[in-house]
Structure formats: structure tokens, C-alpha cells
Amino acid sequence: MNPFSSPTRLRDMIRAIRACKTAAEERAVVRKECAAIRASINENDQDYMHRNLAKLMFIHMLGYPTHFGQMECLKLIASPGFPEKRMGYLGLMLLLDERQEVLMLVTNSLKQDLNHTNQYIVGLALCALGNICSAEMARDLAPEVERLLYFRDPNIRKKAALCSARIIKKVPDLAENFVNPATALLREKHHGVLITGVQLCTDLCKVSSEALEHVRKKCTEGVVKTLKDLANSPYSPEYDVSGFTDPFLHIRLLRLLRVLGEGDADASDSMNDILAQVATKIETNKTIGNSILYECVQTIMSVEDNGGLRVLAINILGRFLLHRDNNIRYVGLNMLMKAVTADAQAVQRHRATILERIKDSDASIRKRALELVCILVNETNVKALTKELVDYLKVSDPDFREDLTSKICSIVSKFSPEKIWYIDQMLKVLSEAGNFVKDEIWHALIVVISNASELHGYTVRALYKALQMSAEQETLVRIAVWCIGEYGDILISNAGMLDTENPVTVTELDVVDVIEIALKGHASDHTTKAIALVALLKLSARFPSCSEKIRDIIIQYKGNLVLELQQRSIEFNLIIAKHPNIRHTLVERMPALDEVTFIARRAGSLPDAVLTPTGPSVGLINGVARPVGPIVDLLEINSDDAPVPSSSGGDFLQDLLSVDLSLASKQSDAREPSKNGTDVLLDLLSVGSPSAPIELPAQSNSSMVNILFPKASKKATHSPLDDLSSLSLSSKATSNAGAAPTMDLLDGFAPSPPTEENNELVYPSITAFESSSLRLVFNFSKQAGNPQTTNIQATFTNLASNVYTDFVFQAAVPKFLQLHLDPASGNTLPASGNGSITQNMKVTNSQHGKKSLVMRIKIAYKINGKDTHEEGHINNFPRDL
Amino acid sequence: MIKAVLVMNTQGKPRLSKFYEFQPVEKQQEAIRNVFSVLCSRPEHVSNFVDAESFFGPDSRLVYKHFATLYFVFIFDSSENELAILDLIQVMTLIGVIGYQLVSVLSVLEAVNFWLKTVFVETLDKCFRNVCELDIVFNYSKMHTILDEIILGGQVLETSSTEVMKAIDEISKCALFPIWFLTCRLEASSNAINLVPKSVSGWRSR
């Protein structure tokens, strides 16, 4: 006797599997069982075949491979006894599928069983055939199934009917053979058979137009009558569900009627009465009654047009919306959404109810309702609907606000009759839910504002007022600050006053204070601060009297940790202090942004898709990308084509991306001045801020990430860039008059080949491996003259609460790489991240530029004297190492 | 058509899974995981419908029902009525419990007794907690037999619990006794079995 074929009972196996605490334990148990089953199969052990298959089915359900048991199924099916056959067919349905060759072998057994004298065995065979029938089997066995449609026992008849449905789905050519028996089934009295017969007819009508014609001509009357009898039938206990006689049959019949009535006026006509009767008679206080009604409504909506019935149907849906059961409200909304195309007028009448549903307690219903409302919006009702939505925005819960906000914004921008209304609504949304407004939406708003020159005054005053009320809404603050920066003089002078407005008295100091608050607010992120700085610079030119105060504010940022702000602060300070003669031209109002270009750019919406942060390592990259930004910009100033403000932002972003993602990739003209772009960029960081730290990589590791969380930096890229490019325009204009300012800005740029003290290229570091207990971070550097060799510094951090001793790190690389591993800094790793081990490696890539690095690692250590291993595969190295 | 029927517990372990459209094992497991991750994050008192297009392809809907420690999940396409499927789950769970009793103890009388007890004690939840999960696990091949009597090839085969139970009873007898023995026993037991349905519908309407 094979020691493996220990006869564990099925029950014991299940118990053992259930007792497993971890997935690994479970795998071990399953592996052992599978081995036992294989051994038993090899010995051709008849006694346990049955039990083995039962076990295999359970193992299959848990998701383990069980293909080796397939032949066992066939053997069991071929055996004479009922229990064996039952198990065999169950296994057949679960373990095999219609695509496998093995299945062909079963056809013969099936044929025998379909002709068996025992009806239960016939039933088993039909059931299996109905579940796994393939096209070949369908052809071979169709005559048997057709014969069984006339079998005396109803159980067999109904199974045969569904089997036929499967057969004609697999081989539509066989449909004509089944038309006559199927129509005969429609006259059945037994409900089970009737349900399946109706199903078979429906399927027949779908696959064959001749069958559809035949059934439509011969059976429409019959089906209508059956439904009528059913609807009027007295109580029958057997099929009663909450007081309705067999709702499933109702539903199937209505569905068949739908197929028959679609596209045929006569047939639709003959069923109008019964549809109306069902639609009006069914009570709606029970779920099941509603499911019949729902089906009836679907039928009414798809059969040929009968105005009265449709209105009735839509009214039923309207009532669904008021039902207290969530499910019914949900299907009601779904159906209404489809009904909009058929009869928008009738749906519009339920607008108020649908609006109510936006306030539903169930999130998925709210979402549907909101979508439906958006479909219903048109030019005539946009004002009323938007008002409702904006009012609701004030009380909605936070999860829903984002959705609601974006929908309102899209409605408003799509249907707005006039600009002032658009601006008004957007202001309302911003002051209610400014934090949920997406970037492209407020960008769009700025474009609209800058184009509406007659509304500048109105807008900036409204924004100023709104800012006093709700200063916590980030987006509102940004727009307000931007507008005040641009149109601050109008705010003071009250120019362009509309009739409906109340005048406001604002002094220059007030305005500067407002911006200062925005700049220093705790909630303000990096983008807002950048916008505020630019606004201050602009105001310093608009209000000469405040210029000293503004300079004081700006100068406070010269030591800011965020490089962008630091650099702006120093530049602006210089402009205010040293170059009053060019300041006015430099900070002129932005020219009206080109709406067409903006829309086109938004359609492409490249930056958003690419910049979306996906994980910690990308976050790091973003952190690096930020400081690089202004430099590309500055390079752009130097190159002689003056950028158009509105259209260049997106390109810059792409430039930025290619800078940080693949440093070696081809740049546009920005790259030309130097041979080695990265060095220049690094070097340029010191422009205008001599004290700025040169070691960018070190900074990007820790502090930068914290300050510039990915979201902020993503937002940040847009507006300061635009502002800067406007700067560049003017600086170019004045460069003849005084070359000094440009030289100031671009001081470090002139000596082109930079001489860095450490001649190393720099790459973003990656988190190479991270488990629940251990983190491994790689820092990269390269000797400039030797692109093939990369120095990697590995830093290990222990995240668990136990100290790791005897820590050993091993690494393996493919043949095209050479690896040199230096000794580690220690072999004990303190607990909970209280220290780390570092280890240097040198990797030489013989196929540099063609293949990127990959590495397999193994880490061994002891926790409390117990050996532990961790393995991993690292393939997220920066591409060009 | 119905694409799949899944029963899983609140820890995400599958307890019964049947796919009517062929899927390789890995896909099945992935589907089960995906469904679970959606279901376990749904709050209570929301609708029983979930958008399933992201993991079962276009035109698929998902209806689930949560009983004690089990989720009953049906995935189907637009040719089925969502509300009716919801009711079918009810039928299935119900027959599952009774069917199990019939199959396992093989005594019609005892099944009726059990049934009456649960109705009178009015511990629907308890009944599921104590009976369902473990019994579905230990009798899942029987559960498959029951399921095959309700749904065949993705279509609803029978909705009357009486009919289903009758069929299951007969099959379970076939499985234990030689076939000749069965024919005479069947006549005797069919009367007793008819007692069950009234309480069945009574329970469901509550």
C-alpha cells in the first residue's frame, strides 16, 4: 500500500484546511492531499475514486490546479452506479470546460445516459450537457435532447428545454429543429416546464428571425392568454411568492412578449391590454411585485409606440423613486436613464423627484440620480437645476461633494447662457466646495475671466468679498489672489461697476493684507503661495505706495525651504529694489488667454495623466522635478523664441517630465547650450541664490518629499510657469535697455561647461524592496566618465519591533551585469527604524543603454536567534543606469 | 443569463462558486477576490446592486445578499431582472437550508420538524449562522446538486421550492440505494414532503 494514499475523509480534509491559519499552511495541506490523490489515481484505486473527486472539487473551489483529476471524472461517468455518475457529472461541470479536448471523450457516455431507462440519470446527463455543451456536442446530441422535450416526466422536459436553449446558442443552425417542440411547450400547464419553455422560445427568437416570425404569428395570442390567466389566477400555494402567483413566470412571459412586440405593430397592439392590466393591477408594496412591474415597464418601453402606455410606464418609474426600498429606487433610476432617449418629455416631468434622490442616503443611488439630472439639463432648465444643485452642495456630505462639484461645473460650463452667470455660479461652487474643484476647472475659469474684460471689475470685487467669507477654500483663494494681482487697481477704483452691484471701499493696504494672509495661511499650499508672491509683485507696481511693505513680505521668503518660493522671493526682491524702471513693463496685465488653445490643450490633457502619482518612488521623482522647473523656464528665456503664455505651459510640463523621467532623452532647444544637460541644470540651481544647497539628491530624499507631497507639486507646475513666461516676454523686451537684470537672473548660466566639485551624475533613489518588516532603499551615483558603472548605496531599515542580528544581504545579477559588493556597515539592525545598515555596491552594465538593471536579492537575518529569509526581485531601477 | 453564482463568507473565503461562462481557475479566484473587496467595503442599508462591469466585462450586473456570515452573490447580464434575481437568492438560501436537512438526514419527517422549529423559534439569523456556513462547507457537493436543480446553464430552471426539494430528495435517495429500491419508496414519501411548502412561503413573506 502506498503510504500517501492514506484515506483521509473529505470531511477531515475540509476541517484541516479550515484549521489553517496562514495561506502557506493551507497550501501545504492542499499539496499533501493532491499528492495523495495523484498516488491513488495512479494505483487505479476504485474505492476512493469517488471521494478523491469530491476532494478535488473542493480544492478547485479554493483555486488550486486540478487538471489531473479530469480523466477520473470520465471514468466515474462511465461507471454504472448512480452515486458514481452523480459525482462524475458534478466534477465534469466544475473541473472541465468546453474548450478542452478531453470533453470530446465524454460525448459517448452522455449519449448513453440520455437514453438511459432511469430518469434521474437522464436528468444528470441533461444537466451536465446544459452546462458544458460545446458546438460539436450540440450537433451530436441535438436529436436526443429534442426527443426528451416530449418526455413524460416534467423534470426531464424542463431540463431538456434549457439544454436546447444552450444547444441553439452554440449552433444557431439547429434552431429550426426546435421551433415546433418549443411552441408546444408554451401550452404546458406545469409551471417549471412553462418557464423553461418560454425561455427556450425567447432564445429561439433571438437567434433566428424565421423562428421569431413563426412564434410571433402562431403564439402571440397564446402567450397573452397565458399571462392573462396567470395575472387573474386564484391563489395557488405551490408557486406563491408573497401573494403573487409565480412572479418568475410573469417575468419570463413579459420578456417573451417584449421580443415578440419589438418592431411589430400588430403584435404590440395585441398585447397592449394585458400590459396595461399588469401595469395597473400589481401592488407595489412588496419587492416581488415591483420586479414584475419593472419587467412590464421594460416591455412597454421596447414594444412599438403607444403613447399612453409609455407615460404610464414612466409614471410607474417615478413612483419607484419614492419607494422606501433602496433597490427599487436604484432600478427605477437606471430604467429612467434608458427611458430618457425614448421619451424625454415624460421623464422631465419627474425632475423634481429625481432631484430629491440626489439627497438619498445611499451613495450609489445619489450617483445615479446625479447622472440622470445631468442628462436632463438643457438650456431652458439649467438655471433652476443649477440653483438646486448648488443649494444642495451646502449640505451634502463630503464624500459626495467631489462628484457633485465636478458635475455642477460641467453643467455650468456647458449650458451657461452668459458669462456673468457662469462666473457667479462658479464663485458659489468655489466658496462652498473649493477644495474639491479640479485643477482644469479653475484653470478654465481663469481663462474665461481673463477674456471677459468688461467683467474684470465685477469679478475681482465678488472674489474679494467671497474671500472674506470663506478663506479656507484653497481654490477660491488661488483664483481670488490671481485676480487681485491682475486687476488690483480696478478693485480700488471701483471701475466698471455693474448696476446690480453694491460698491465696496477697499484701500490699497487692505488688498495687500488680504494677499499676505493668503500667503501666510496655514492651509495654503505651495502653489497658492507661489501665486500670491506673483500677485504681490504685480501689486507692487500697481500700488507704488505699498511697494516697501510688499518688499518686506516678499523678502521673508528668501530662506524658504521650498526652492521655488525661495528663488521667486529673491528674484522679486531684486526687481522691486533695483529695477523700478522696468518693473511696470515687466508686470503688465496678462494678455487675454486664448480660449481655443486652452480647450485644445485640455482635450489632450497630457500632463494630468502622466503626472498622477502612483507610489512613493514617483513621489520622489516629483520632488526632484520641482526645482528643475524654473530652470527649464530660464533656459527658455535665453533661447530666442518668446513663448506664447497660454500654449507653452503644457509643453513645459512635458519637458519637465522628460527631464526627470529619462534624463538622457532629447530635449528641445533648451538643451542645446550645453553638452551635458543635467549638470547645467544642477548648476543653474545656484542661480540667484548663491546659498542654495547644491546637493540636490540629498535634499530630495527626505525634506523635499515631505514638503512637496506629490499633489502639491503637481498643481504647482501650472500657474507659476505661466506667470513666468509672461515675465520672460517683458524681460526680453527690455534686455536692450538694460542687460543687467537678465544677467542677474541668469548669472550662473554664462560659463557654459560647469565645473562641479563632485563630478557625479545623480539619479532619484528608489525603494528597492519593502516588506512588512524590512525596507531597502537604493541611492545611485555614477562617475561622469564611466556611464557603464553605477555606484549603489543600499540602506536597510528595520520596520519590525525586534532587533535583527547576523544580518546578511546577498544579490545576484544576470550575465550582462557585473556586481561588486563592498562589506556592510554592520550586521545588527536596530528595531523600529532606529538606525540602518548601509552597504555599497558597484554594478557594471555591459549593455548600457540597451538593457536596464535588474537584480535578485536575498536577505537573511535572525530574530531572537531564529533564522529568517526574505527574497525579492528588483526591476524598478531608473531606466538608463 | 446568469454568469456566476458565488457564496463566500465575510472573510472572503469562497464557500460555493459556480461559473456558467467558462473562466480559467486564476480568473475565477481573481473575480472572487474582486467581488469580496467590493462587498466588504459596502456600508449597510444600501442597495444590493453593484456595478460589476469592471471585473466581469461589459453588460454584467451583480446582486448580492448578506446573511449573517455569508454573502450570496449572483452575477448576470441585462437579460435578467435584477429584482427577480434578488428574490431568487432568497429562494436559494431557503432551499439550501431545507435541502441540506433533507439530504443529510434523509428523513423527511425530521426535516419538517427542523423546519417548524426554526419557524417557531423565529431565529432566522441564528438558523443561518448555525446551519449555513459550516454546512455549506461540509456539504458543498450537495449544495452543487441543489444549485443545479435551480439554475441550469445560466438559466433559471425551477423557482418552486417544493419542486426543487422533491428533486433533491429523489436524487439523494438514488445516491444511497439501488435504483429498484427507490421506486417503491418514493411513492410513500412524496406525501409527507408536501407538508413543507406552506411554511416555506410563509417564511419568505415575513
# chains A, B, ... in the order shown; residues from 1 in each chain; ligands from 1
>>> closest_atom_pairs(of="chain A", to="chain B", cutoff="6 Å", atoms="only C-alpha atoms", output="JSON lines")
{"residue": "A:Gly63", "atom": "CA", "partner": "B:Gln29", "partner_atom": "CA", "distance": 5.9}
{"residue": "A:Phe82", "atom": "CA", "partner": "B:Ala175", "partner_atom": "CA", "distance": 5.9}
{"residue": "A:Pro83", "atom": "CA", "partner": "B:Ala175", "partner_atom": "CA", "distance": 4.5}
{"residue": "A:Gly130", "atom": "CA", "partner": "B:Gly153", "partner_atom": "CA", "distance": 5.0}
{"residue": "A:Asn131", "atom": "CA", "partner": "B:Gly153", "partner_atom": "CA", "distance": 4.2}
{"residue": "A:Gly192", "atom": "CA", "partner": "B:Glu158", "partner_atom": "CA", "distance": 5.3}
{"residue": "A:Tyr239", "atom": "CA", "partner": "B:Ser160", "partner_atom": "CA", "distance": 5.7}
{"residue": "A:Ser242", "atom": "CA", "partner": "B:Ser205", "partner_atom": "CA", "distance": 5.0}
{"residue": "A:Ser291", "atom": "CA", "partner": "B:Leu83", "partner_atom": "CA", "distance": 5.0}
{"residue": "A:Asn326", "atom": "CA", "partner": "B:Ser47", "partner_atom": "CA", "distance": 4.8}
{"residue": "A:Asn327", "atom": "CA", "partner": "B:Ser47", "partner_atom": "CA", "distance": 4.7}
{"residue": "A:Asp362", "atom": "CA", "partner": "B:Val46", "partner_atom": "CA", "distance": 5.3}
>>> write_last_selection(atoms="C-alpha atoms", output="short mmCIF file (atom, residue, chain, number, x, y, z; two decimals), in the first residue's frame")
data_model
loop_
_atom_site.label_atom_id
_atom_site.label_comp_id
_atom_site.auth_asym_id
_atom_site.auth_seq_id
_atom_site.Cartn_x
_atom_site.Cartn_y
_atom_site.Cartn_z
CA GLY A 63 -8.32 27.97 -6.63
CA PHE A 82 -25.83 6.41 -9.73
CA PRO A 83 -23.68 7.83 -6.93
CA GLY A 130 -26.78 22.18 -20.35
CA ASN A 131 -23.75 23.48 -18.50
CA GLY A 192 -41.47 24.80 -14.25
CA TYR A 239 -45.91 28.93 -6.71
CA SER A 242 -45.65 36.93 -1.16
CA SER A 291 -39.92 43.17 -10.08
CA ASN A 326 -33.14 51.18 -1.92
CA ASN A 327 -33.07 48.52 -4.58
CA ASP A 362 -27.48 55.59 -0.42
#
>>> closest_residue(among="A:Arg589, A:Arg139, A:Arg31, A:Lys578", to="A:Ser164", atoms="only C-alpha atoms")
A:Arg139
>>> atom_distance(atom1="atom CA of A:Arg86", atom2="atom CA of A:His50")
9.6 Å
>>> select_by_dssp(residues="stretch 393-588 of chain A", states="helix (DSSP H, G or I)", output="PyMOL selection string")
chain A and resi 393+398-415+419-436+439-451+453-469+474-493+508-520+526-542+544-555+563-578+580-586
>>> atom_distance(atom1="atom CA of A:Glu43", atom2="atom CA of A:Arg11")
22.8 Å
>>> residues_around(residues="A:Ser569", least_positions_apart="4", cutoff="8 Å", atoms="only C-alpha atoms", output="VMD selection string")
chain A and resid 533 554 to 558 565 573
>>> decode(residues="stretch 80-171 of chain A", atoms="C-alpha atoms", output="PDB file, in the first residue's frame")
ATOM      1  CA  PRO A  80     -22.851   2.096 -13.905  1.00  0.00           C
ATOM      2  CA  GLY A  81     -23.859   3.235 -10.406  1.00  0.00           C
ATOM      3  CA  PHE A  82     -25.834   6.409  -9.734  1.00  0.00           C
ATOM      4  CA  PRO A  83     -23.678   7.829  -6.933  1.00  0.00           C
ATOM      5  CA  GLU A  84     -20.549   7.496  -9.069  1.00  0.00           C
ATOM      6  CA  LYS A  85     -22.223   9.055 -12.052  1.00  0.00           C
ATOM      7  CA  ARG A  86     -23.520  11.921  -9.928  1.00  0.00           C
ATOM      8  CA  MET A  87     -20.087  12.714  -8.617  1.00  0.00           C
ATOM      9  CA  GLY A  88     -18.614  12.291 -12.074  1.00  0.00           C
ATOM     10  CA  TYR A  89     -21.015  14.763 -13.638  1.00  0.00           C
ATOM     11  CA  LEU A  90     -20.552  17.284 -10.843  1.00  0.00           C
ATOM     12  CA  GLY A  91     -16.811  17.039 -11.373  1.00  0.00           C
ATOM     13  CA  LEU A  92     -17.263  17.319 -15.100  1.00  0.00           C
ATOM     14  CA  MET A  93     -19.182  20.567 -14.733  1.00  0.00           C
ATOM     15  CA  LEU A  94     -16.713  22.096 -12.304  1.00  0.00           C
ATOM     16  CA  LEU A  95     -13.299  20.854 -13.353  1.00  0.00           C
ATOM     17  CA  LEU A  96     -13.667  20.749 -17.112  1.00  0.00           C
ATOM     18  CA  ASP A  97     -14.723  23.320 -19.618  1.00  0.00           C
ATOM     19  CA  GLU A  98     -15.932  23.340 -23.128  1.00  0.00           C
ATOM     20  CA  ARG A  99     -12.544  24.164 -24.563  1.00  0.00           C
ATOM     21  CA  GLN A 100     -10.798  21.011 -23.536  1.00  0.00           C
ATOM     22  CA  GLU A 101     -10.108  18.078 -25.846  1.00  0.00           C
ATOM     23  CA  VAL A 102     -11.000  15.659 -23.068  1.00  0.00           C
ATOM     24  CA  LEU A 103     -14.555  16.764 -23.399  1.00  0.00           C
ATOM     25  CA  MET A 104     -14.925  15.003 -26.735  1.00  0.00           C
ATOM     26  CA  LEU A 105     -14.452  11.704 -24.937  1.00  0.00           C
ATOM     27  CA  VAL A 106     -17.490  12.275 -22.805  1.00  0.00           C
ATOM     28  CA  THR A 107     -19.923  12.630 -25.703  1.00  0.00           C
ATOM     29  CA  ASN A 108     -20.463   8.906 -25.951  1.00  0.00           C
ATOM     30  CA  SER A 109     -21.190   8.465 -22.261  1.00  0.00           C
ATOM     31  CA  LEU A 110     -23.606  11.368 -22.435  1.00  0.00           C
ATOM     32  CA  LYS A 111     -25.400   9.832 -25.360  1.00  0.00           C
ATOM     33  CA  GLN A 112     -25.842   6.558 -23.470  1.00  0.00           C
ATOM     34  CA  ASP A 113     -27.048   8.315 -20.363  1.00  0.00           C
ATOM     35  CA  LEU A 114     -29.537  10.449 -22.289  1.00  0.00           C
ATOM     36  CA  ASN A 115     -31.073   7.176 -23.463  1.00  0.00           C
ATOM     37  CA  HIS A 116     -30.920   5.560 -20.044  1.00  0.00           C
ATOM     38  CA  THR A 117     -34.019   3.959 -18.598  1.00  0.00           C
ATOM     39  CA  ASN A 118     -33.547   5.665 -15.259  1.00  0.00           C
ATOM     40  CA  GLN A 119     -34.890   9.168 -15.458  1.00  0.00           C
ATOM     41  CA  TYR A 120     -32.577  10.523 -12.762  1.00  0.00           C
ATOM     42  CA  ILE A 121     -29.565   9.504 -14.751  1.00  0.00           C
ATOM     43  CA  VAL A 122     -31.100  11.179 -17.795  1.00  0.00           C
ATOM     44  CA  GLY A 123     -31.581  14.232 -15.614  1.00  0.00           C
ATOM     45  CA  LEU A 124     -27.935  14.242 -14.601  1.00  0.00           C
ATOM     46  CA  ALA A 125     -26.791  13.969 -18.187  1.00  0.00           C
ATOM     47  CA  LEU A 126     -29.086  16.797 -19.294  1.00  0.00           C
ATOM     48  CA  CYS A 127     -27.852  18.979 -16.503  1.00  0.00           C
ATOM     49  CA  ALA A 128     -24.228  18.403 -17.442  1.00  0.00           C
ATOM     50  CA  LEU A 129     -24.947  18.955 -21.106  1.00  0.00           C
ATOM     51  CA  GLY A 130     -26.777  22.178 -20.354  1.00  0.00           C
ATOM     52  CA  ASN A 131     -23.754  23.485 -18.503  1.00  0.00           C
ATOM     53  CA  ILE A 132     -20.806  22.480 -20.643  1.00  0.00           C
ATOM     54  CA  CYS A 133     -22.145  21.695 -24.109  1.00  0.00           C
ATOM     55  CA  SER A 134     -19.759  22.610 -26.909  1.00  0.00           C
ATOM     56  CA  ALA A 135     -20.665  23.125 -30.561  1.00  0.00           C
ATOM     57  CA  GLU A 136     -19.601  19.606 -31.583  1.00  0.00           C
ATOM     58  CA  MET A 137     -21.509  18.017 -28.743  1.00  0.00           C
ATOM     59  CA  ALA A 138     -24.527  20.126 -29.611  1.00  0.00           C
ATOM     60  CA  ARG A 139     -24.549  18.719 -33.149  1.00  0.00           C
ATOM     61  CA  ASP A 140     -24.093  15.154 -31.943  1.00  0.00           C
ATOM     62  CA  LEU A 141     -26.651  15.175 -29.187  1.00  0.00           C
ATOM     63  CA  ALA A 142     -29.368  17.515 -30.500  1.00  0.00           C
ATOM     64  CA  PRO A 143     -31.681  14.650 -31.640  1.00  0.00           C
ATOM     65  CA  GLU A 144     -31.602  13.066 -28.166  1.00  0.00           C
ATOM     66  CA  VAL A 145     -32.408  16.355 -26.466  1.00  0.00           C
ATOM     67  CA  GLU A 146     -35.169  17.099 -28.923  1.00  0.00           C
ATOM     68  CA  ARG A 147     -36.732  13.710 -28.185  1.00  0.00           C
ATOM     69  CA  LEU A 148     -36.543  14.381 -24.444  1.00  0.00           C
ATOM     70  CA  LEU A 149     -38.619  17.550 -24.867  1.00  0.00           C
ATOM     71  CA  TYR A 150     -41.591  15.177 -25.158  1.00  0.00           C
ATOM     72  CA  PHE A 151     -40.613  13.024 -22.164  1.00  0.00           C
ATOM     73  CA  ARG A 152     -43.412  12.169 -19.773  1.00  0.00           C
ATOM     74  CA  ASP A 153     -41.732  13.454 -16.629  1.00  0.00           C
ATOM     75  CA  PRO A 154     -41.871  17.271 -16.325  1.00  0.00           C
ATOM     76  CA  ASN A 155     -38.487  17.448 -14.598  1.00  0.00           C
ATOM     77  CA  ILE A 156     -36.831  15.984 -17.642  1.00  0.00           C
ATOM     78  CA  ARG A 157     -38.840  18.170 -20.006  1.00  0.00           C
ATOM     79  CA  LYS A 158     -37.752  21.369 -18.314  1.00  0.00           C
ATOM     80  CA  LYS A 159     -34.118  20.348 -18.223  1.00  0.00           C
ATOM     81  CA  ALA A 160     -34.293  19.346 -21.866  1.00  0.00           C
ATOM     82  CA  ALA A 161     -35.758  22.760 -22.690  1.00  0.00           C
ATOM     83  CA  LEU A 162     -32.854  24.623 -21.128  1.00  0.00           C
ATOM     84  CA  CYS A 163     -30.439  22.202 -22.722  1.00  0.00           C
ATOM     85  CA  SER A 164     -31.977  23.028 -26.093  1.00  0.00           C
ATOM     86  CA  ALA A 165     -31.525  26.718 -25.313  1.00  0.00           C
ATOM     87  CA  ARG A 166     -27.831  26.091 -24.811  1.00  0.00           C
ATOM     88  CA  ILE A 167     -27.623  23.990 -27.975  1.00  0.00           C
ATOM     89  CA  ILE A 168     -29.145  26.653 -30.207  1.00  0.00           C
ATOM     90  CA  LYS A 169     -26.923  29.259 -28.634  1.00  0.00           C
ATOM     91  CA  LYS A 170     -23.898  27.163 -29.596  1.00  0.00           C
ATOM     92  CA  VAL A 171     -25.204  26.149 -33.027  1.00  0.00           C
TER      93      VAL A 171
END
